[in-house]
Amino acid sequence: MRETENRAREAYVEKFGGEPEVVASAPGRINLIGEHTDYNGGFVLPCAIDRRIAVAAGRDGEELLYSADFDRARPLRHKDDSWAKYPRGVAWALREAGHDADGFRAALAGDVPRASGLSSSAAIEAATALALDALFGFGLDGKTLARICQRAENEYVGVQSGIMDQYASLLCEAGSALLIDCRSLEAETVPLGLQGAGLSLVVCDTRVERGLADTGYNDRRASCERAAETLGVEQLRDATEEDLDRLSGEELLRARHVVTENARVTRAVESLRSKDFEAFGHLMYASHESMRDDYEISTPELDAFVEIAGDNGAPGARLTGAGFGGCAIALMPPGNSETLAEACRRVFAGRGFKEPVFYEFAPSAGAEVVG
Ligand code: GLA
């Protein structure tokens, strides 16, 4: 068992007495390329990170949820705006889908950074869904569980996100990214080979909380829907570069990002397959520029990180996730990561930005039942 899984198990024993029947865990994610394409029916290429949330569950006794990280117990059947809404939402979505997820208690522990855009909420949902599937013997596959988690997020938690985060948390494999066709919901593992190429994934959390993010996110979704309507296509996935000539203003900007980003994901997968990290890196920079100039979801902090990464020899760098704050990533050659972090700290301090936090993540396995 990993350390977080053991912490969840121990928390269960301590809080409820007796061993849990099941322990499962699920990771957070970063997205390598393909941003804001999921809800347009397009392509994304996330990978799971080596930070996880673990859920230990059993069927005896009172229905309770306990978080070891917050040292708080909450009733399963209740509504509030705490961390407990995620496991509650998953139990609700399972029941809505006809699976009797009733009469259980669970202890949670995790080390996915929160409110940073690394999908800690998808990790809680995925770990809960897998734990409950094992506990009650539903026998649901990863894709079905991911759709149940997305329903929990959209309809119970009330956040209109796409399918990327839940798919990534449930279906990624170690050392690999996951190419998801968000229309057909087909997913394919794409080996990354970063270690072999001597590259690491450096993540910079700019610590700018996505205050207005939800408004921004929903605005972007609405503009994409309007652009698709103007073009007479079902989703922007169906639009081509030539179609863009028929758009103007904000619709043109947003649609141009989505259309070019989808093409970049396809090319990125080809370059990974031929181990052409230089080409892959160029696509990352192009993706960032498109998010900065056309989709307008970057911030001065994210732009500064990407620029400094370039100055420090990164083959590729871009903001990752929803934008409006949160994290950016860089592919770094060996030995350059600390220089990059130091340069960033200096520039951020000079510009009056918050002190950033840096991580190096290894592409990791998706959700697993471990005990
Ligand atoms: C958030 C959402 C995802 C996706 C990204 C942007 O992470 O949860 O569904 O839309 O933003 O690519």
# chains A, B, ... in the order shown; residues from 1 in each chain; ligands from 1

call {"tool": "residues_near_ligand", "arguments": {"ligand": "ligand 1", "cutoff": "6 Å", "atoms": "only C-alpha atoms and all ligand atoms", "output": "list in words"}}
result
Glu35, His36, Asp38, Ser161, Gly162, Ile163, Met164, Asp165, Gly321 and Ala322 of chain A

call {"tool": "closest_atom_pairs", "arguments": {"of": "range 173-204 of chain A", "to": "range 19-34 of chain A", "cutoff": "10 Å", "atoms": "only C-alpha atoms", "output": "CSV"}}
result
residue,atom,partner,partner_atom,distance
A:Ala177,CA,A:Leu32,CA,8.0
A:Leu178,CA,A:Asn31,CA,9.5
A:Leu179,CA,A:Gly34,CA,9.5
A:Ile180,CA,A:Gly34,CA,9.7
A:Leu201,CA,A:Leu32,CA,9.7
A:Val203,CA,A:Ile30,CA,8.7

call {"tool": "write_last_selection", "arguments": {"atoms": "N, CA, C and O atoms", "output": "compact mmCIF listing (two decimals), in the first residue's frame"}}
result
# COMPACT_ATOMS: atom_id res chain seq x y z
N ALA A 177 0.34 8.75 -21.11
CA ALA A 177 -0.78 9.70 -21.15
C ALA A 177 -1.99 8.95 -21.71
O ALA A 177 -1.86 7.80 -22.14
N LEU A 178 -3.15 9.62 -21.69
CA LEU A 178 -4.37 8.99 -22.18
C LEU A 178 -4.99 9.90 -23.24
O LEU A 178 -5.34 11.04 -22.95
N LEU A 179 -5.06 9.39 -24.47
CA LEU A 179 -5.73 10.15 -25.54
C LEU A 179 -7.22 9.84 -25.44
O LEU A 179 -7.63 8.69 -25.58
N ILE A 180 -8.02 10.88 -25.18
CA ILE A 180 -9.47 10.66 -25.06
C ILE A 180 -10.19 11.37 -26.20
O ILE A 180 -9.96 12.56 -26.44
N LEU A 201 8.72 16.31 -15.85
CA LEU A 201 7.55 17.19 -15.92
C LEU A 201 7.54 18.10 -14.70
O LEU A 201 7.28 17.65 -13.59
N VAL A 203 5.93 21.14 -12.64
CA VAL A 203 4.65 21.82 -12.52
C VAL A 203 4.82 23.03 -11.61
O VAL A 203 5.42 22.93 -10.54

call {"tool": "atom_distance", "arguments": {"atom1": "CA of Ile329 in chain A", "atom2": "CA of Gly175 in chain A"}}
result
16.6 Å

call {"tool": "closest_residue", "arguments": {"among": "A:Phe16, A:Tyr86, A:Tyr359, A:Tyr39", "to": "Glu225 in chain A", "atoms": "only C-alpha atoms"}}
result
A:Tyr39

call {"tool": "atom_distance", "arguments": {"atom1": "CA of Arg256 in chain A", "atom2": "CA of His288 in chain A"}}
result
13.3 Å

call {"tool": "select_by_dssp", "arguments": {"residues": "range 166-342 of chain A", "states": "strand (DSSP E or B)", "output": "PyMOL selection string"}}
result
chain A and resi 176-181+186-191+200-205+316-319+327-332
